[in-house]
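The next block is input.cif, given as mmCIF, C-alpha atoms (C1' of nucleotides).
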```
data_my_file
loop_
_atom_site.label_atom_id
_atom_site.label_comp_id
_atom_site.auth_asym_id
_atom_site.auth_seq_id
_atom_site.Cartn_x
_atom_site.Cartn_y
_atom_site.Cartn_z
CA MET A 255 -10.50 -29.03 13.54
CA SER A 256 -10.65 -26.04 15.79
CA GLY A 257 -13.71 -23.94 16.40
CA ASP A 258 -16.94 -23.05 14.73
CA ARG A 259 -17.68 -24.23 11.21
CA ARG A 260 -18.93 -20.74 10.32
CA VAL A 261 -15.65 -19.24 11.39
CA ARG A 262 -13.64 -21.59 9.22
CA ARG A 263 -15.92 -20.92 6.30
CA THR A 264 -15.73 -17.15 6.64
CA ARG A 265 -11.97 -17.07 7.01
CA ARG A 266 -11.52 -19.35 4.05
CA LEU A 267 -13.84 -17.29 1.85
CA ILE A 268 -11.96 -14.12 2.71
CA GLN A 269 -8.54 -15.63 2.12
CA GLU A 270 -9.57 -17.10 -1.22
CA ALA A 271 -11.15 -13.84 -2.28
CA LEU A 272 -7.93 -11.96 -1.56
CA VAL A 273 -5.82 -14.39 -3.56
CA ALA A 274 -8.18 -14.17 -6.53
CA LEU A 275 -8.22 -10.38 -6.37
CA ILE A 276 -4.44 -10.10 -6.15
CA LEU A 277 -4.17 -12.20 -9.28
CA ASP A 278 -6.62 -9.84 -10.95
CA LYS A 279 -5.35 -6.44 -9.90
CA GLY A 280 -2.27 -6.78 -7.74
CA TYR A 281 -2.13 -6.40 -3.98
CA ASP A 282 -2.05 -2.62 -3.79
CA ALA A 283 -5.17 -2.17 -5.88
CA VAL A 284 -7.27 -4.53 -3.76
CA THR A 285 -9.53 -2.86 -1.20
CA VAL A 286 -11.28 -4.34 1.79
CA THR A 287 -14.56 -3.54 0.06
CA ASP A 288 -13.46 -5.64 -2.92
CA ILE A 289 -12.68 -8.53 -0.63
CA ILE A 290 -15.96 -8.60 1.24
CA GLU A 291 -17.93 -8.28 -1.98
CA ARG A 292 -16.08 -11.13 -3.61
CA ALA A 293 -16.23 -13.25 -0.48
CA ASP A 294 -19.89 -12.26 -0.02
CA VAL A 295 -19.32 -11.48 3.62
CA GLY A 296 -20.50 -8.65 5.83
CA ARG A 297 -18.18 -5.76 6.48
CA SER A 298 -18.28 -6.14 10.22
CA THR A 299 -17.64 -9.85 9.82
CA PHE A 300 -14.42 -9.07 8.00
CA TYR A 301 -13.19 -6.81 10.76
CA SER A 302 -14.12 -9.32 13.43
CA HIS A 303 -11.60 -11.76 11.89
CA PHE A 304 -8.85 -9.59 10.46
CA THR A 305 -7.53 -6.17 11.30
CA ASP A 306 -6.86 -5.24 7.69
CA LYS A 307 -5.76 -6.43 4.25
CA GLN A 308 -2.24 -7.29 5.32
CA ASP A 309 -3.55 -9.43 8.14
CA VAL A 310 -5.34 -11.63 5.62
CA LEU A 311 -2.21 -11.84 3.51
CA LEU A 312 -0.05 -12.99 6.38
CA SER A 313 -2.64 -15.46 7.60
CA ASN A 314 -2.42 -17.03 4.18
CA LEU A 315 1.32 -17.28 4.55
CA ASP A 316 1.04 -18.98 7.92
CA GLU A 317 -0.86 -21.80 6.29
CA LEU A 318 1.73 -22.04 3.52
CA THR A 319 4.56 -22.46 5.97
CA ALA A 320 2.76 -25.43 7.44
CA LEU A 321 3.69 -27.18 4.20
CA HIS A 322 7.39 -26.91 4.93
CA ARG A 323 8.59 -30.44 5.42
CA PRO A 324 11.48 -30.27 7.85
CA PRO A 325 13.89 -32.92 6.47
CA ALA A 326 14.97 -33.95 9.98
CA ASP A 327 15.36 -37.63 9.16
CA GLY A 328 19.10 -38.09 9.00
CA ARG A 329 21.65 -35.58 7.75
CA PRO A 330 20.73 -33.86 4.49
CA ALA A 331 22.76 -35.54 1.79
CA ARG A 332 23.47 -32.34 -0.01
CA LEU A 333 24.25 -28.74 0.81
CA LEU A 334 21.41 -26.24 0.23
CA ALA A 335 19.02 -29.15 0.12
CA PHE A 336 15.94 -26.93 0.26
CA SER A 337 16.56 -25.42 -3.15
CA LEU A 338 15.17 -27.86 -5.69
CA PRO A 339 12.17 -29.02 -3.64
CA MET A 340 11.22 -25.44 -3.01
CA PHE A 341 11.48 -24.39 -6.65
CA GLU A 342 9.34 -27.41 -7.52
CA HIS A 343 6.81 -26.69 -4.83
CA VAL A 344 6.55 -23.14 -6.08
CA ARG A 345 5.80 -24.31 -9.59
CA GLU A 346 3.09 -26.61 -8.34
CA GLN A 347 1.47 -23.88 -6.29
CA GLU A 348 2.20 -21.34 -8.99
CA ARG A 349 -1.02 -19.35 -8.81
CA LEU A 350 -1.00 -18.96 -5.05
CA VAL A 351 2.69 -18.24 -4.68
CA ARG A 352 2.66 -15.79 -7.55
CA ALA A 353 -0.19 -13.95 -5.90
CA LEU A 354 1.55 -13.78 -2.55
CA LEU A 355 5.22 -13.34 -3.45
CA GLY A 356 5.47 -11.77 -6.90
CA ARG A 357 5.77 -8.08 -7.62
CA ARG A 358 1.98 -7.96 -7.64
CA GLY A 359 1.92 -9.34 -4.12
CA GLY A 360 2.78 -7.08 -1.22
CA GLY A 361 6.19 -6.55 0.25
CA PRO A 362 5.28 -7.99 3.68
CA VAL A 363 5.01 -11.58 2.50
CA TYR A 364 8.30 -11.31 0.68
CA ALA A 365 9.93 -10.13 3.90
CA ARG A 366 8.48 -13.04 5.87
CA GLY A 367 9.67 -15.44 3.21
CA GLU A 368 13.17 -14.05 3.55
CA GLN A 369 13.15 -14.49 7.31
CA LEU A 370 11.89 -18.01 7.06
CA LEU A 371 14.45 -19.02 4.50
CA ALA A 372 17.24 -17.33 6.40
CA ALA A 373 16.50 -19.52 9.40
CA VAL A 374 16.60 -22.63 7.23
CA VAL A 375 19.89 -21.69 5.59
CA ARG A 376 21.48 -20.68 8.85
CA ASP A 377 20.57 -23.96 10.50
CA GLU A 378 21.87 -25.91 7.58
CA LEU A 379 25.20 -24.13 7.56
CA LEU A 380 25.58 -24.56 11.30
CA GLY A 381 24.77 -28.23 10.88
CA ALA A 382 27.45 -28.43 8.22
CA GLY A 383 30.09 -27.20 10.62
CA ALA A 384 30.01 -23.42 10.35
CA ARG A 385 30.58 -21.40 13.49
CA PRO A 386 28.06 -18.70 14.51
CA SER A 387 29.49 -15.28 13.64
CA ALA A 388 28.62 -11.99 12.04
CA GLY A 389 30.29 -13.19 8.86
CA LEU A 390 28.08 -16.27 8.74
CA ASP A 391 24.97 -14.12 9.03
CA LEU A 392 26.09 -12.04 6.10
CA LEU A 393 26.72 -15.18 4.09
CA VAL A 394 23.20 -16.31 4.89
CA VAL A 395 21.87 -12.97 3.67
CA CYS A 396 23.72 -13.43 0.38
CA VAL A 397 22.47 -16.98 -0.13
CA VAL A 398 18.89 -16.04 0.67
CA GLY A 399 19.17 -12.95 -1.54
CA ALA A 400 20.33 -15.03 -4.48
CA PHE A 401 17.56 -17.57 -3.98
CA MET A 402 14.81 -15.01 -3.56
CA GLY A 403 16.14 -13.14 -6.59
CA LEU A 404 15.74 -16.23 -8.74
CA LEU A 405 12.33 -16.92 -7.30
CA ARG A 406 11.14 -13.41 -7.97
CA ALA A 407 12.57 -13.37 -11.49
CA TRP A 408 10.69 -16.56 -12.27
CA LEU A 409 7.46 -15.45 -10.62
CA ASP A 410 7.56 -12.21 -12.59
CA GLY A 411 8.02 -14.11 -15.83
CA GLU A 412 11.51 -12.82 -16.53
CA THR A 413 12.76 -16.31 -17.25
CA PRO A 414 11.19 -19.51 -18.59
CA ALA A 415 13.66 -21.70 -16.67
CA THR A 416 12.51 -24.96 -15.08
CA PRO A 417 12.93 -25.70 -11.38
CA ALA A 418 15.93 -27.87 -12.21
CA GLU A 419 17.56 -25.05 -14.15
CA LEU A 420 16.86 -22.56 -11.39
CA ASP A 421 18.34 -24.96 -8.89
CA ALA A 422 21.42 -25.42 -11.08
CA ALA A 423 21.88 -21.66 -11.46
CA PHE A 424 21.46 -21.18 -7.73
CA ARG A 425 24.06 -23.82 -6.92
CA ALA A 426 26.49 -22.59 -9.56
CA ALA A 427 26.33 -19.10 -8.11
CA VAL A 428 26.58 -19.71 -4.38
CA GLU A 429 27.76 -23.26 -3.72
CA PRO A 430 31.46 -22.55 -4.37
CA GLY A 431 31.42 -19.57 -2.05
CA VAL A 432 29.57 -21.45 0.66
CA CYS A 433 31.96 -24.38 0.43
CA ALA A 434 34.93 -22.06 0.69
CA VAL A 435 33.55 -20.45 3.82
CA LEU A 436 32.68 -23.83 5.34
CA GLY A 437 36.18 -25.12 4.60
CA GLU A 438 37.64 -22.07 6.31
CA SER A 439 35.44 -22.66 9.35
CA ARG A 440 36.36 -26.34 9.62
CA ARG A 441 40.04 -25.61 9.29
CA GLN A 442 39.87 -23.09 12.12
CA GLN A 443 38.00 -25.50 14.34
CA ALA A 444 40.43 -28.33 13.57
CA SER A 445 43.42 -26.21 14.55
CA ARG A 446 41.79 -25.41 17.89
CA SER A 447 40.61 -28.85 18.97
CA PRO A 448 42.86 -31.21 17.04
CA LEU A 449 41.33 -34.41 18.41
CA MET B 271 19.36 25.02 -16.36
CA SER B 272 16.09 24.14 -17.99
CA GLY B 273 12.88 26.05 -17.52
CA ASP B 274 11.27 28.32 -15.02
CA ARG B 275 12.90 28.96 -11.67
CA ARG B 276 9.51 28.50 -10.00
CA VAL B 277 9.17 25.06 -11.50
CA ARG B 278 12.55 23.94 -10.24
CA ARG B 279 11.80 25.33 -6.83
CA THR B 280 8.42 23.63 -6.58
CA ARG B 281 9.68 20.26 -7.75
CA ARG B 282 12.60 20.42 -5.36
CA LEU B 283 10.39 21.37 -2.41
CA ILE B 284 8.08 18.46 -3.13
CA GLN B 285 10.89 15.94 -3.52
CA GLU B 286 12.60 17.08 -0.34
CA ALA B 287 9.34 16.98 1.55
CA LEU B 288 8.72 13.39 0.48
CA VAL B 289 12.18 12.27 1.57
CA ALA B 290 11.78 13.94 4.95
CA LEU B 291 8.34 12.39 5.43
CA ILE B 292 9.51 8.90 4.46
CA LEU B 293 12.22 9.17 7.09
CA ASP B 294 9.56 10.17 9.61
CA LYS B 295 6.79 7.71 8.88
CA GLY B 296 7.77 5.37 6.08
CA TYR B 297 6.59 5.54 2.48
CA ASP B 298 3.21 3.90 2.91
CA ALA B 299 2.08 6.25 5.65
CA VAL B 300 2.89 9.41 3.68
CA THR B 301 -0.08 11.08 1.98
CA VAL B 302 -0.15 13.64 -0.78
CA THR B 303 -1.72 16.00 1.71
CA ASP B 304 1.28 15.53 4.00
CA ILE B 305 3.62 16.34 1.16
CA ILE B 306 1.97 19.55 0.04
CA GLU B 307 1.68 20.77 3.61
CA ARG B 308 5.33 20.11 4.33
CA ALA B 309 6.43 21.53 1.00
CA ASP B 310 4.03 24.47 1.50
CA VAL B 311 2.70 24.10 -1.99
CA GLY B 312 -0.81 24.26 -3.41
CA ARG B 313 -2.66 21.04 -4.04
CA SER B 314 -3.24 21.80 -7.68
CA THR B 315 0.40 22.69 -8.05
CA PHE B 316 1.38 19.25 -6.88
CA TYR B 317 -0.82 17.54 -9.42
CA SER B 318 0.44 19.76 -12.21
CA HIS B 319 3.94 18.36 -11.65
CA PHE B 320 3.40 14.78 -10.50
CA THR B 321 0.66 12.25 -11.03
CA ASP B 322 0.96 10.78 -7.54
CA LYS B 323 3.26 9.84 -4.66
CA GLN B 324 5.14 7.19 -6.59
CA ASP B 325 5.87 9.62 -9.38
CA VAL B 326 7.73 11.84 -6.93
CA LEU B 327 9.63 8.84 -5.59
CA LEU B 328 10.83 7.74 -8.99
CA SER B 329 11.74 11.27 -10.03
CA ASN B 330 14.01 11.30 -7.00
CA LEU B 331 15.61 8.09 -8.17
CA ASP B 332 16.28 9.46 -11.62
CA GLU B 333 18.43 12.15 -10.07
CA LEU B 334 20.24 9.58 -7.93
CA THR B 335 21.21 7.49 -10.92
CA ALA B 336 22.92 10.55 -12.37
CA LEU B 337 25.52 9.97 -9.64
CA HIS B 338 26.58 6.62 -11.05
CA ARG B 339 30.10 7.03 -12.26
CA PRO B 340 30.58 4.71 -15.19
CA PRO B 341 34.14 3.39 -14.68
CA ALA B 342 34.79 3.20 -18.41
CA ASP B 343 38.42 4.32 -18.20
CA GLY B 344 40.36 1.14 -18.85
CA ARG B 345 39.38 -2.41 -17.84
CA PRO B 346 38.22 -2.73 -14.23
CA ALA B 347 41.11 -4.21 -12.32
CA ARG B 348 38.85 -6.45 -10.25
CA LEU B 349 35.75 -8.50 -10.71
CA LEU B 350 32.53 -7.05 -9.24
CA ALA B 351 34.27 -3.72 -9.06
CA PHE B 352 31.08 -1.81 -8.26
CA SER B 353 30.66 -3.46 -4.87
CA LEU B 354 32.85 -1.52 -2.45
CA PRO B 355 32.33 1.93 -4.01
CA MET B 356 28.61 1.40 -3.93
CA PHE B 357 28.51 0.26 -0.31
CA GLU B 358 30.60 3.32 0.55
CA HIS B 359 28.44 5.65 -1.43
CA VAL B 360 25.39 4.27 0.31
CA ARG B 361 26.89 4.96 3.72
CA GLU B 362 27.71 8.53 2.74
CA GLN B 363 24.20 9.15 1.46
CA GLU B 364 22.74 7.09 4.27
CA ARG B 365 19.71 9.22 5.03
CA LEU B 366 18.55 9.55 1.48
CA VAL B 367 19.22 5.99 0.42
CA ARG B 368 17.61 4.61 3.52
CA ALA B 369 14.52 6.67 2.81
CA LEU B 370 14.32 5.47 -0.78
CA LEU B 371 15.52 1.86 -0.62
CA GLY B 372 14.93 0.51 2.88
CA ARG B 373 11.89 -1.39 4.02
CA ARG B 374 10.34 1.97 4.85
CA GLY B 375 10.75 3.08 1.25
CA GLY B 376 8.45 1.74 -1.39
CA GLY B 377 8.95 -1.39 -3.45
CA PRO B 378 9.17 0.48 -6.77
CA VAL B 379 12.52 2.08 -6.05
CA TYR B 380 13.95 -1.25 -4.95
CA ALA B 381 12.85 -2.77 -8.26
CA ARG B 382 14.47 0.00 -10.24
CA GLY B 383 17.66 -0.43 -8.26
CA GLU B 384 17.71 -4.10 -9.12
CA GLN B 385 17.29 -3.42 -12.81
CA LEU B 386 20.06 -0.86 -12.78
CA LEU B 387 22.47 -3.10 -10.97
CA ALA B 388 21.61 -6.08 -13.16
CA ALA B 389 22.69 -4.11 -16.22
CA VAL B 390 25.97 -3.21 -14.54
CA VAL B 391 26.74 -6.79 -13.50
CA ARG B 392 25.77 -8.21 -16.86
CA ASP B 393 28.02 -5.79 -18.73
CA GLU B 394 30.88 -6.57 -16.42
CA LEU B 395 30.55 -10.32 -16.84
CA LEU B 396 30.30 -9.97 -20.61
CA GLY B 397 33.39 -7.78 -20.51
CA ALA B 398 35.15 -10.49 -18.53
CA GLY B 399 34.53 -13.07 -21.21
CA ALA B 400 31.15 -14.59 -20.43
CA ARG B 401 28.90 -15.51 -23.32
CA PRO B 402 25.33 -14.20 -23.42
CA SER B 403 22.95 -16.99 -22.42
CA ALA B 404 20.00 -17.79 -20.25
CA GLY B 405 22.37 -19.22 -17.66
CA LEU B 406 24.32 -15.98 -17.52
CA ASP B 407 21.15 -14.02 -16.88
CA LEU B 408 20.30 -16.30 -13.98
CA LEU B 409 23.79 -15.83 -12.59
CA VAL B 410 23.30 -12.08 -12.80
CA VAL B 411 20.04 -12.43 -10.88
CA CYS B 412 21.85 -14.34 -8.13
CA VAL B 413 24.66 -11.82 -7.87
CA VAL B 414 22.28 -8.88 -7.79
CA GLY B 415 20.08 -10.69 -5.28
CA ALA B 416 23.00 -11.28 -2.95
CA PHE B 417 24.12 -7.66 -3.22
CA MET B 418 20.68 -6.20 -2.70
CA GLY B 419 20.14 -8.56 0.20
CA LEU B 420 23.22 -7.23 1.96
CA LEU B 421 22.24 -3.67 1.16
CA ARG B 422 18.76 -4.16 2.55
CA ALA B 423 20.03 -5.91 5.66
CA TRP B 424 22.34 -3.00 6.37
CA LEU B 425 19.76 -0.33 5.59
CA ASP B 426 17.31 -2.02 7.92
CA GLY B 427 19.85 -2.09 10.70
CA GLU B 428 20.17 -5.86 10.85
CA THR B 429 23.94 -5.64 10.82
CA PRO B 430 26.49 -3.09 12.01
CA ALA B 431 28.99 -4.15 9.34
CA THR B 432 31.17 -1.56 7.59
CA PRO B 433 31.22 -1.15 3.81
CA ALA B 434 34.49 -3.08 3.70
CA GLU B 435 32.98 -5.96 5.63
CA LEU B 436 29.89 -5.99 3.45
CA ASP B 437 32.11 -5.99 0.39
CA ALA B 438 34.13 -8.89 1.82
CA ALA B 439 31.01 -10.91 2.59
CA PHE B 440 29.63 -10.24 -0.87
CA ARG B 441 32.82 -11.38 -2.54
CA ALA B 442 33.20 -14.43 -0.31
CA ALA B 443 29.70 -15.54 -1.22
CA VAL B 444 29.57 -15.01 -4.96
CA GLU B 445 33.08 -14.52 -6.35
CA PRO B 446 33.97 -18.25 -6.35
CA GLY B 447 30.79 -19.11 -8.21
CA VAL B 448 31.24 -16.29 -10.70
CA CYS B 449 34.83 -17.28 -11.34
CA ALA B 450 33.81 -20.89 -11.90
CA VAL B 451 31.18 -19.89 -14.46
CA LEU B 452 33.59 -17.52 -16.18
CA GLY B 453 36.23 -20.23 -16.36
CA GLU B 454 33.67 -22.57 -17.88
CA SER B 455 32.75 -19.97 -20.46
CA ARG B 456 36.36 -19.26 -21.42
CA ARG B 457 37.16 -22.96 -21.72
CA GLN B 458 34.24 -23.49 -24.07
CA GLN B 459 35.24 -20.52 -26.17
CA ALA B 460 38.86 -21.68 -26.30
CA SER B 461 37.87 -25.13 -27.52
CA ARG B 462 35.83 -23.59 -30.32
CA SER B 463 38.26 -20.98 -31.62
CA PRO B 464 41.61 -22.34 -30.47
CA LEU B 465 43.70 -19.53 -31.98
"C1'" DT C 70 -34.74 -31.58 21.21
"C1'" DC C 71 -33.90 -27.24 23.56
"C1'" DC C 72 -31.36 -23.09 24.62
"C1'" DG C 73 -27.52 -20.10 25.64
"C1'" DT C 74 -23.75 -18.63 23.09
"C1'" DT C 75 -21.50 -17.08 19.24
"C1'" DG C 76 -21.11 -15.63 14.54
"C1'" DT C 77 -23.05 -13.08 10.83
"C1'" DC C 78 -25.60 -9.54 8.43
"C1'" DG C 79 -26.13 -4.98 6.47
"C1'" DA C 80 -26.90 -0.44 6.89
"C1'" DA C 81 -25.28 3.72 8.51
"C1'" DC C 82 -21.61 6.63 10.14
"C1'" DA C 83 -17.47 9.80 10.72
"C1'" DA C 84 -13.04 10.53 9.33
"C1'" DG C 85 -9.79 11.19 6.07
"C1'" DG C 86 -7.44 10.67 1.37
"C1'" DT C 87 -7.69 11.50 -3.73
"C1'" DG C 88 -7.64 13.96 -7.86
"C1'" DT C 89 -10.06 17.83 -10.39
"C1'" DT C 90 -11.70 22.39 -11.31
"C1'" DC C 91 -11.55 27.34 -11.51
"C1'" DA C 92 -11.14 32.15 -10.75
"C1'" DG C 93 -7.78 35.10 -8.83
"C1'" DT C 94 -2.91 36.28 -7.83
"C1'" DT C 95 2.05 36.29 -8.37
"C1'" DA C 96 6.49 35.85 -10.50
"C1'" DC C 97 9.16 35.01 -14.51
"C1'" DG C 98 11.80 36.35 -18.61
"C1'" DA C 99 11.86 38.42 -23.07
"C1'" DT D 255 7.07 46.86 -19.25
"C1'" DC D 256 3.94 43.31 -20.53
"C1'" DG D 257 2.26 38.81 -21.95
"C1'" DT D 258 2.52 34.42 -20.34
"C1'" DA D 259 3.02 30.80 -17.43
"C1'" DA D 260 3.02 29.08 -12.76
"C1'" DC D 261 1.04 29.12 -8.33
"C1'" DT D 262 -2.82 29.61 -4.93
"C1'" DG D 263 -6.53 27.86 -2.16
"C1'" DA D 264 -10.95 26.64 -1.62
"C1'" DA D 265 -14.54 23.77 -2.96
"C1'" DC D 266 -16.06 19.50 -5.04
"C1'" DA D 267 -17.43 14.60 -5.78
"C1'" DC D 268 -15.81 10.30 -4.95
"C1'" DC D 269 -13.80 6.49 -2.64
"C1'" DT D 270 -11.84 3.72 1.30
"C1'" DT D 271 -11.50 2.74 5.97
"C1'" DG D 272 -12.84 1.03 10.40
"C1'" DT D 273 -16.66 1.18 13.88
"C1'" DT D 274 -21.21 0.61 15.73
"C1'" DC D 275 -25.70 -1.42 16.30
"C1'" DG D 276 -29.93 -4.20 16.45
"C1'" DA D 277 -31.83 -8.18 14.40
"C1'" DC D 278 -31.25 -12.76 12.86
"C1'" DA D 279 -29.19 -17.47 12.11
"C1'" DA D 280 -26.29 -21.23 13.13
"C1'" DC D 281 -23.67 -23.90 16.25
"C1'" DG D 282 -22.92 -27.42 19.84
"C1'" DG D 283 -23.44 -29.07 24.60
"C1'" DA D 284 -27.00 -30.81 27.75
#
```

Would you mind writing the file out in structure tokens?
Amino acid sequence: MSGDRRVRRTRRLIQEALVALILDKGYDAVTVTDIIERADVGRSTFYSHFTDKQDVLLSNLDELTALHRPPADGRPARLLAFSLPMFEHVREQERLVRALLGRRGGGPVYARGEQLLAAVVRDELLGAGARPSAGLDLLVVCVVGAFMGLLRAWLDGETPATPAELDAAFRAAVEPGVCAVLGESRRQQASRSPL
Amino acid sequence: MSGDRRVRRTRRLIQEALVALILDKGYDAVTVTDIIERADVGRSTFYSHFTDKQDVLLSNLDELTALHRPPADGRPARLLAFSLPMFEHVREQERLVRALLGRRGGGPVYARGEQLLAAVVRDELLGAGARPSAGLDLLVVCVVGAFMGLLRAWLDGETPATPAELDAAFRAAVEPGVCAVLGESRRQQASRSPL
DNA sequence: TCCGTTGTCGAACAAGGTGTTCAGTTACGA
DNA sequence: TCGTAACTGAACACCTTGTTCGACAACGGA
């Protein structure tokens, strides 16, 4: 591992303290003073590692994204392949994800999650034969919006659905539209280079 | 009108000041002190009308929702009828909506917007023959998520698309899925009461 | 093992935001 | 015109933030 053992320890204590506190009170209500008390860490120590609360939050996210298994081995068998695994992963890591992404978590993490997912979806659609265009980007926004909407609804306890049900709802809502757009794209390409 | 002229004046000054300040600095950076200085209103006066910043924000939203024209005259000719008018309305009221709903605005208003829209979509789908169910609610979440995603992307300047283009993208993404679910629903109903 | 480097502590600090109180003033509307 | 209600503005106690500093402890390479 990289660096001093003390550094790792301190950073970990601070990150864990923030997660625990968000689950208690929600992100907005957590103060830096809360964090350092719970982490049992000096004030100056905190500021020597992080610039502020949000910095801790995003550092947490960076470690989450390391969990993203890029499929990469062979073509994904199914469109929107990320959906079910991600819903399942979220249920496994329920406490942490709820703290970071739910209404009680801050907006910043949600925004980063959107960006991340948008890149995944975009790549997948391009891999499936879509052409880069403004229209494609808007489609990606819709797909990501639908997915994040479901995720948020579940995290906020609005629905008791299982990952499989969430996945089914997600596919039912957006798969037909995505397929239609992909078909359009392929048809246009075929008529240009009819090899 | 209701009440004292001074009260109306004070509340209006405070609300306008908040909107202006959000456009300047973003919601988070605005302080109560900023607001009362800009509104030229006494500190105690502020707290006799609103409990805090967020209270002002939501009071603004309440007046926005008064603008929602319920269609109500006859059956809507088209599915997801709210889409284009709402994108257009948003462009007309760009400054205000951007202040309240964009990334610079606070999360609370966004949440309220979602709730509002969810009710609209749900009513429309029920009116179009869907049966109330958990699956329908999840579909509504997807549709609203896609719409709000587009709205946010546009408000945050990620896309130069026109309302018509946004509307087209929205429909392309979700209309096929919605139609499929509606068809499913109607078929099931027909097989039960085959009058 | 030794020793220079680095991290941590914890108290103290200034700056700035919050929400409340109160006595005095102003403007409303009946 | 007059009673009432709203507004003023200053002062307040309290909290949070981010910085600074000297003293101490832990790390890891030699």

TODO: Give me the residues within 6 Å of region 407-415 of chain B as a PyMOL selection string, counting all atoms listed in the file and dropping any in the same chain fewer than 2 places off.
DONE: (chain A and resi 399-400+403) or (chain B and resi 404-405+417-419)

TODO: For DC275 (chain D), work out the shell of residues within 12 Å, counting only C-alpha atoms (C1' of nucleotides) and skipping chain neighbours fewer than 3 positions away, then give it as a ChimeraX atom specification.
DONE: /A:298 /C:78-82

Open item on the list: List the spatial neighbours of region 377-383 of chain B as a PyMOL selection string - criterion: any atom at most 8 Å away, all atoms listed in the file, same-chain residues fewer than 2 positions off excluded.
Closed with: (chain A and resi 361) or (chain B and resi 324+327-328+331+370-371+375+385-387)

Open item on the list: as JSON, numbers by chain, please: the residues near DG272 (chain D) (cut-off 10 Å, only C-alpha atoms (C1' of nucleotides), same-chain neighbours under 6 positions excluded).
Closed with: {"A": [297, 298, 301, 305, 306], "C": [83, 84]}

Open item on the list: On this structure, the PyMOL selection byres ((chain A) within 7 of (chain C)) would catch which residues? List them as a ChimeraX atom specification, sorted by chain and number.
Closed with: /A:260,296,299

- [ ] Kindly provide, as a PyMOL selection string, the residues of chain D having any atom no farther than 12 Å from an atom of chain B, counting all atoms listed in the file.
- [x] chain D and resi 258-264

Task: Interatomic distance, CA of Ala442 (chain B) to CA of Pro417 (chain A) (Å, one decimal) - done: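 These two atoms are separated by 25.7 Å.
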
- [ ] Would you mind telling me which residue in B:Asp393, B:Asp310, B:Asp298, B:Glu362 lies nearest to chain A when using only C-alpha atoms?
- [x] B:Asp298

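With the shown file loaded, the PyMOL selection byres ((chain B and resi 283) around 9) picks out Arg278, Arg279, Thr280, Arg281, Arg282, Ile284, Gln285, Glu286, Ala287, Leu288, Ile306, Arg308, Ala309, Asp310 and Val311 of chain B.
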
Open item on the list: For a test of reading the model, state the distance in Å between CA of Ile305 (chain B) and CA of Leu291 (chain B), rounded to one decimal.
Closed with: 7.5 Å

- [ ] Could you check how far CA of Leu380 (chain A) sits from CA of Gln442 (chain A), in Å to one decimal?
- [x] 14.4 Å

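Minimum atom-to-atom distance to chain A, evaluated using all atoms listed in the file, belongs to B:Ala423 out of B:Ala423, B:Val360, B:Ala434, B:Leu395.
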
- [ ] Kindly indicate which residue among B:Asp325, B:Asp426, B:Glu358, B:Glu364 lies nearest to chain A, using only C-alpha atoms for the distances.
- [x] B:Asp426

- [ ] Report the residues retrieved by the PyMOL selection byres ((chain B and resi 444-456) around 7) from the displayed file, expressed as a PyMOL selection string.
- [x] (chain A and resi 426-431) or (chain B and resi 399-401+413+440-443+457-460)

TODO: Would you please work out which residue, of A:Ala382, A:Ile276, A:Val284, A:Ala372, is nearest to chain B when using only C-alpha atoms?
DONE: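 Using only C-alpha atoms, chain B sits closest to A:Ala372.
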
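Proximity of B:Glu384, B:Glu394, B:Ala389, B:Gly427 to chain A, computed with all atoms listed in the file, is greatest for B:Glu384.
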